[in-house]
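Colleague: First the structure, which I've put down as structure tokens, then a few questions once you've had a look.
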Amino acid sequence: MDFPFQPVEKFLLPIHGSDELFPVNQVYCVGRNYAAHAREMGVDDRKPPFFFTKPIYSITTGDVKYPPNTEDLQHEVELVLAVGEDMSIFGFTIGVDLTRRDLQGQAKKDGKPWFRGKSFVGSAPISRILPIKGFEELSDLELRLKVNGELRQSGSCADMIWPPQELLCEMAADVPLKQGDLIFTGTPEGVGKINTGDIIEASIVNKIELSFKII
């Protein structure tokens, strides 16, 4: 098959304990999946969660360059699901949904999409994928995020409004989920501002860690 230009290569994530790589297809996110986070954002926590997307270029496994056009870059630690064949959960990992909160806030006021607030190069740092085998209950996982050694976020996946399996069902009603998709499942309360030079350490307690610097 011929192409007018070279096709873009897929982003490949390492798989823990394996030489295989996980080819990323689409990146989906869940908004307001923790009631406490909805309240800290000033939103009625009785409203159901919702979905949005991030582009592939948001994914990174390294340090993140402070994005332009913002004075309020914020962190959101999240459990990330890796979708396998037949809409199964292939694995999971820890990720951080970085947000230009001032741009997101202005978009809300203007009734516009969140694209500029959520989508920029490196806005979705992520760790290697942990295969689901051996982890039957994801709701018991504990999330942590530190900035320069200071604990900023601490929450349990048990507090999700839509837990992992329900998320897949809710999303599948509107989205043709495919193997290779990533789902950022929402963040607990405690989101906050970060600056150039800050070191962010995110983890699923006793399971996997992610560390990167804002440069």
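In the structure tokens, chains take the letters A, B, ... in the order shown, each chain's residues start at 1, and ligands count up from 1 in the order shown.
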When you look at A:Phe51 with a cut-off of 9 Å (counting only C-alpha atoms), what residues show up, excluding the ones that are within fewer than 4 positions of it in the same chain? I need them as number ranges by chain.
Modeller: A: 28-31, 171
Colleague: Could those residues be written to a file, using N, CA and C atoms, as an mmCIF file, in the first residue's frame?
Modeller:
data_model
loop_
_atom_site.group_PDB
_atom_site.id
_atom_site.type_symbol
_atom_site.label_atom_id
_atom_site.label_comp_id
_atom_site.auth_asym_id
_atom_site.auth_seq_id
_atom_site.Cartn_x
_atom_site.Cartn_y
_atom_site.Cartn_z
ATOM 1 N N TYR A 28 -8.762 8.434 26.345
ATOM 2 C CA TYR A 28 -10.019 8.953 26.875
ATOM 3 C C TYR A 28 -9.839 9.344 28.339
ATOM 4 N N CYS A 29 -10.645 10.291 28.777
ATOM 5 C CA CYS A 29 -10.586 10.742 30.171
ATOM 6 C C CYS A 29 -11.998 10.824 30.736
ATOM 7 N N VAL A 30 -12.092 10.653 32.048
ATOM 8 C CA VAL A 30 -13.374 10.751 32.738
ATOM 9 C C VAL A 30 -13.333 11.973 33.645
ATOM 10 N N GLY A 31 -14.288 12.854 33.479
ATOM 11 C CA GLY A 31 -14.353 14.046 34.308
ATOM 12 C C GLY A 31 -15.275 13.862 35.493
ATOM 13 N N MET A 171 -18.877 3.958 28.773
ATOM 14 C CA MET A 171 -18.182 4.495 27.613
ATOM 15 C C MET A 171 -18.555 3.747 26.343
#
Colleague: List the neighbours of A:Ile194 out to 7 Å using only C-alpha atoms; skip same-chain residues closer than 4 positions along the sequence, and give me the result as a list of chain:residue names.
Modeller: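 Result of the neighbour search: A:Leu73, A:Gln74, A:His75, A:Asp198.
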Colleague: Within 10 Å of A:Leu177, counting only C-alpha atoms, which residues qualify if same-chain residues fewer than 5 places away don't, as a list of chain:residue names?
Modeller: A:Asn25, A:Gln26, A:Tyr28, A:Val83, A:Gly84, A:Glu85, A:Asp86, A:Met87, A:Ser88, A:Leu168, A:Cys169, A:Met171, A:Ala172, A:Leu182, A:Ile183
Colleague: Can you spit out the residues from that selection as a PDB file, in the first residue's frame, using N, CA and C atoms?
Modeller:
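Listing of result-v6.pdb after writing:
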ATOM      1  N   ASN A  25      -3.781   3.514  21.213  1.00  0.00           N
ATOM      2  CA  ASN A  25      -4.727   3.849  20.156  1.00  0.00           C
ATOM      3  C   ASN A  25      -5.343   5.226  20.423  1.00  0.00           C
ATOM      4  N   GLN A  26      -6.339   5.299  21.292  1.00  0.00           N
ATOM      5  CA  GLN A  26      -6.975   6.564  21.672  1.00  0.00           C
ATOM      6  C   GLN A  26      -6.781   6.806  23.169  1.00  0.00           C
ATOM      7  N   TYR A  28      -8.762   8.434  26.345  1.00  0.00           N
ATOM      8  CA  TYR A  28     -10.019   8.953  26.875  1.00  0.00           C
ATOM      9  C   TYR A  28      -9.839   9.344  28.339  1.00  0.00           C
ATOM     10  N   VAL A  83      -7.001  -0.812  27.659  1.00  0.00           N
ATOM     11  CA  VAL A  83      -8.029  -1.682  27.103  1.00  0.00           C
ATOM     12  C   VAL A  83      -7.397  -2.761  26.217  1.00  0.00           C
ATOM     13  N   GLY A  84      -7.874  -4.001  26.398  1.00  0.00           N
ATOM     14  CA  GLY A  84      -7.388  -5.126  25.613  1.00  0.00           C
ATOM     15  C   GLY A  84      -8.425  -5.601  24.610  1.00  0.00           C
ATOM     16  N   GLU A  85      -8.319  -6.842  24.175  1.00  0.00           N
ATOM     17  CA  GLU A  85      -9.235  -7.399  23.193  1.00  0.00           C
ATOM     18  C   GLU A  85     -10.643  -7.509  23.750  1.00  0.00           C
ATOM     19  N   ASP A  86     -11.624  -7.333  22.864  1.00  0.00           N
ATOM     20  CA  ASP A  86     -13.038  -7.508  23.213  1.00  0.00           C
ATOM     21  C   ASP A  86     -13.437  -6.651  24.409  1.00  0.00           C
ATOM     22  N   MET A  87     -12.894  -5.422  24.471  1.00  0.00           N
ATOM     23  CA  MET A  87     -13.255  -4.458  25.504  1.00  0.00           C
ATOM     24  C   MET A  87     -12.932  -4.955  26.919  1.00  0.00           C
ATOM     25  N   SER A  88     -11.907  -5.779  27.028  1.00  0.00           N
ATOM     26  CA  SER A  88     -11.451  -6.246  28.338  1.00  0.00           C
ATOM     27  C   SER A  88     -10.438  -5.249  28.892  1.00  0.00           C
ATOM     28  N   LEU A 168     -16.226   1.104  31.644  1.00  0.00           N
ATOM     29  CA  LEU A 168     -16.168   0.498  30.315  1.00  0.00           C
ATOM     30  C   LEU A 168     -17.562   0.393  29.700  1.00  0.00           C
ATOM     31  N   CYS A 169     -18.529   0.015  30.493  1.00  0.00           N
ATOM     32  CA  CYS A 169     -19.898  -0.122  29.993  1.00  0.00           C
ATOM     33  C   CYS A 169     -20.488   1.232  29.618  1.00  0.00           C
ATOM     34  N   MET A 171     -18.877   3.958  28.773  1.00  0.00           N
ATOM     35  CA  MET A 171     -18.182   4.495  27.613  1.00  0.00           C
ATOM     36  C   MET A 171     -18.555   3.747  26.343  1.00  0.00           C
ATOM     37  N   ALA A 172     -18.690   2.431  26.448  1.00  0.00           N
ATOM     38  CA  ALA A 172     -18.993   1.618  25.271  1.00  0.00           C
ATOM     39  C   ALA A 172     -20.353   1.954  24.667  1.00  0.00           C
ATOM     40  N   LEU A 182      -6.513   3.953  26.050  1.00  0.00           N
ATOM     41  CA  LEU A 182      -6.215   4.274  27.447  1.00  0.00           C
ATOM     42  C   LEU A 182      -7.366   5.092  28.014  1.00  0.00           C
ATOM     43  N   ILE A 183      -7.723   4.815  29.279  1.00  0.00           N
ATOM     44  CA  ILE A 183      -8.792   5.565  29.940  1.00  0.00           C
ATOM     45  C   ILE A 183      -8.263   6.129  31.254  1.00  0.00           C
TER      46      ILE A 183
END
Colleague: Please run DSSP on the backbone and report, as a JSON list (two decimals) with N, CA and C atoms, in the first residue's frame, all residues within stretch 32-136 of chain A that come out as helix (DSSP H, G or I).
Modeller:
[["chain", "number", "residue", "atom", "x", "y", "z"],
["A", 35, "ALA", "N", -16.69, 12.37, 43.84],
["A", 35, "ALA", "CA", -17.58, 13.42, 44.33],
["A", 35, "ALA", "C", -16.82, 14.54, 45.02],
["A", 36, "ALA", "N", -15.78, 14.19, 45.81],
["A", 36, "ALA", "CA", -15.04, 15.21, 46.54],
["A", 36, "ALA", "C", -14.31, 16.16, 45.59],
["A", 37, "HIS", "N", -13.81, 15.64, 44.48],
["A", 37, "HIS", "CA", -13.14, 16.50, 43.50],
["A", 37, "HIS", "C", -14.16, 17.41, 42.81],
["A", 38, "ALA", "N", -15.35, 16.88, 42.52],
["A", 38, "ALA", "CA", -16.40, 17.71, 41.93],
["A", 38, "ALA", "C", -16.72, 18.89, 42.84],
["A", 39, "ARG", "N", -16.80, 18.61, 44.15],
["A", 39, "ARG", "CA", -17.11, 19.69, 45.10],
["A", 39, "ARG", "C", -16.00, 20.73, 45.15],
["A", 40, "GLU", "N", -14.73, 20.28, 45.11],
["A", 40, "GLU", "CA", -13.64, 21.25, 45.18],
["A", 40, "GLU", "C", -13.56, 22.10, 43.91],
["A", 56, "ILE", "N", -2.95, 11.97, 21.13],
["A", 56, "ILE", "CA", -1.82, 11.08, 21.38],
["A", 56, "ILE", "C", -0.58, 11.85, 21.83],
["A", 57, "TYR", "N", -0.38, 13.05, 21.30],
["A", 57, "TYR", "CA", 0.82, 13.80, 21.67],
["A", 57, "TYR", "C", 0.83, 14.26, 23.13],
["A", 58, "SER", "N", -0.28, 14.06, 23.82],
["A", 58, "SER", "CA", -0.31, 14.39, 25.26],
["A", 58, "SER", "C", 0.43, 13.33, 26.09],
["A", 85, "GLU", "N", -8.32, -6.84, 24.18],
["A", 85, "GLU", "CA", -9.24, -7.40, 23.19],
["A", 85, "GLU", "C", -10.64, -7.51, 23.75],
["A", 86, "ASP", "N", -11.62, -7.33, 22.86],
["A", 86, "ASP", "CA", -13.04, -7.51, 23.21],
["A", 86, "ASP", "C", -13.44, -6.65, 24.41],
["A", 87, "MET", "N", -12.89, -5.42, 24.47],
["A", 87, "MET", "CA", -13.25, -4.46, 25.50],
["A", 87, "MET", "C", -12.93, -4.96, 26.92],
["A", 101, "ARG", "N", -5.44, 25.20, 34.12],
["A", 101, "ARG", "CA", -6.72, 25.46, 34.78],
["A", 101, "ARG", "C", -7.31, 26.81, 34.40],
["A", 102, "ASP", "N", -6.47, 27.81, 34.19],
["A", 102, "ASP", "CA", -7.00, 29.12, 33.81],
["A", 102, "ASP", "C", -7.65, 29.08, 32.44],
["A", 103, "LEU", "N", -7.05, 28.34, 31.50],
["A", 103, "LEU", "CA", -7.65, 28.21, 30.18],
["A", 103, "LEU", "C", -8.93, 27.38, 30.23],
["A", 104, "GLN", "N", -8.92, 26.35, 31.05],
["A", 104, "GLN", "CA", -10.12, 25.53, 31.21],
["A", 104, "GLN", "C", -11.25, 26.36, 31.81],
["A", 105, "GLY", "N", -10.92, 27.16, 32.83],
["A", 105, "GLY", "CA", -11.93, 27.99, 33.48],
["A", 105, "GLY", "C", -12.54, 29.00, 32.53],
["A", 106, "GLN", "N", -11.71, 29.61, 31.68],
["A", 106, "GLN", "CA", -12.22, 30.58, 30.72],
["A", 106, "GLN", "C", -13.11, 29.89, 29.69],
["A", 107, "ALA", "N", -12.72, 28.68, 29.28],
["A", 107, "ALA", "CA", -13.53, 27.93, 28.32],
["A", 107, "ALA", "C", -14.91, 27.62, 28.91],
["A", 108, "LYS", "N", -14.94, 27.28, 30.18],
["A", 108, "LYS", "CA", -16.23, 27.01, 30.85],
["A", 108, "LYS", "C", -17.11, 28.25, 30.81],
["A", 109, "LYS", "N", -16.53, 29.41, 31.13],
["A", 109, "LYS", "CA", -17.30, 30.66, 31.14],
["A", 109, "LYS", "C", -17.83, 30.99, 29.76],
["A", 110, "ASP", "N", -17.02, 30.70, 28.73],
["A", 110, "ASP", "CA", -17.41, 31.03, 27.36],
["A", 110, "ASP", "C", -18.28, 29.96, 26.71],
["A", 115, "PHE", "N", -10.57, 21.99, 25.19],
["A", 115, "PHE", "CA", -9.41, 21.51, 24.46],
["A", 115, "PHE", "C", -8.10, 22.18, 24.88],
["A", 116, "ARG", "N", -8.05, 23.49, 24.90],
["A", 116, "ARG", "CA", -6.80, 24.19, 25.21],
["A", 116, "ARG", "C", -6.37, 23.94, 26.65],
["A", 117, "GLY", "N", -7.32, 23.75, 27.54],
["A", 117, "GLY", "CA", -6.97, 23.52, 28.94],
["A", 117, "GLY", "C", -6.39, 22.15, 29.20],
["A", 118, "LYS", "N", -6.83, 21.17, 28.43],
["A", 118, "LYS", "CA", -6.46, 19.78, 28.69],
["A", 118, "LYS", "C", -5.45, 19.20, 27.69]]
Colleague: Where does stretch 96-143 of chain A meet stretch 148-164 of chain A within 6 Å, residue by residue, with the nearest atom pair and distance in Å to one decimal for each, counting only C-alpha atoms, listed by chain and rising number, as CSV?
Modeller:
residue,atom,partner,partner_atom,distance
A:Ser139,CA,A:Ala158,CA,4.6
A:Asp140,CA,A:Ala158,CA,5.8
A:Leu141,CA,A:Cys157,CA,5.5
A:Glu142,CA,A:Ser156,CA,4.5
A:Leu143,CA,A:Gly155,CA,5.3
Colleague: Going by DSSP on the backbone, which bits of stretch 32-212 of chain A are strand (DSSP E or B)? Write them as JSON, numbers by chain, please.
Modeller: {"A": [34, 50, 51, 52, 53, 54, 59, 60, 64, 73, 74, 75, 77, 78, 79, 80, 81, 82, 83, 89, 90, 91, 92, 93, 94, 95, 96, 99, 100, 124, 125, 126, 129, 130, 131, 142, 143, 144, 145, 146, 147, 150, 151, 152, 153, 154, 155, 156, 160, 182, 183, 184, 192, 193, 194, 199, 200, 201, 202, 203, 204, 208, 209, 210, 211, 212]}
Colleague: In Å, how far is it from atom CA of A:Asp174 to atom CA of A:Tyr34?
Modeller: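 Pair atom CA of A:Asp174 / atom CA of A:Tyr34 returns 21.1 Å.
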Colleague: Residues at most 8 Å from A:Leu79, counting only C-alpha atoms, excluding those fewer than 5 positions away in the same chain, as a list in words?
Modeller: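 Near neighbours after the sequence-gap exclusion: Phe92, Thr93, Ile94, Gly95, Leu143, Cys157, Phe184, Thr185, Gly186, Thr187 and Ile204 of chain A.
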Colleague: Any idea what the distance is between atom CA of A:Gly42 and atom CA of A:Gly197?
Modeller: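 So the two atoms, atom CA of A:Gly42 and atom CA of A:Gly197, lie 29.1 Å apart.
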Colleague: Could you work out how far atom CA of A:Gly111 lies from atom CA of A:Pro176, giving the answer in Å with one decimal?
Modeller: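 Value for the atom CA of A:Pro176-atom CA of A:Gly111 distance: 26.7 Å.
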Colleague: Could you check the closest approach to A:Lys54 for each of A:Met41, A:Val121, A:Glu166, A:His16 and tell me which residue wins, using only C-alpha atoms?
Modeller: A:Val121
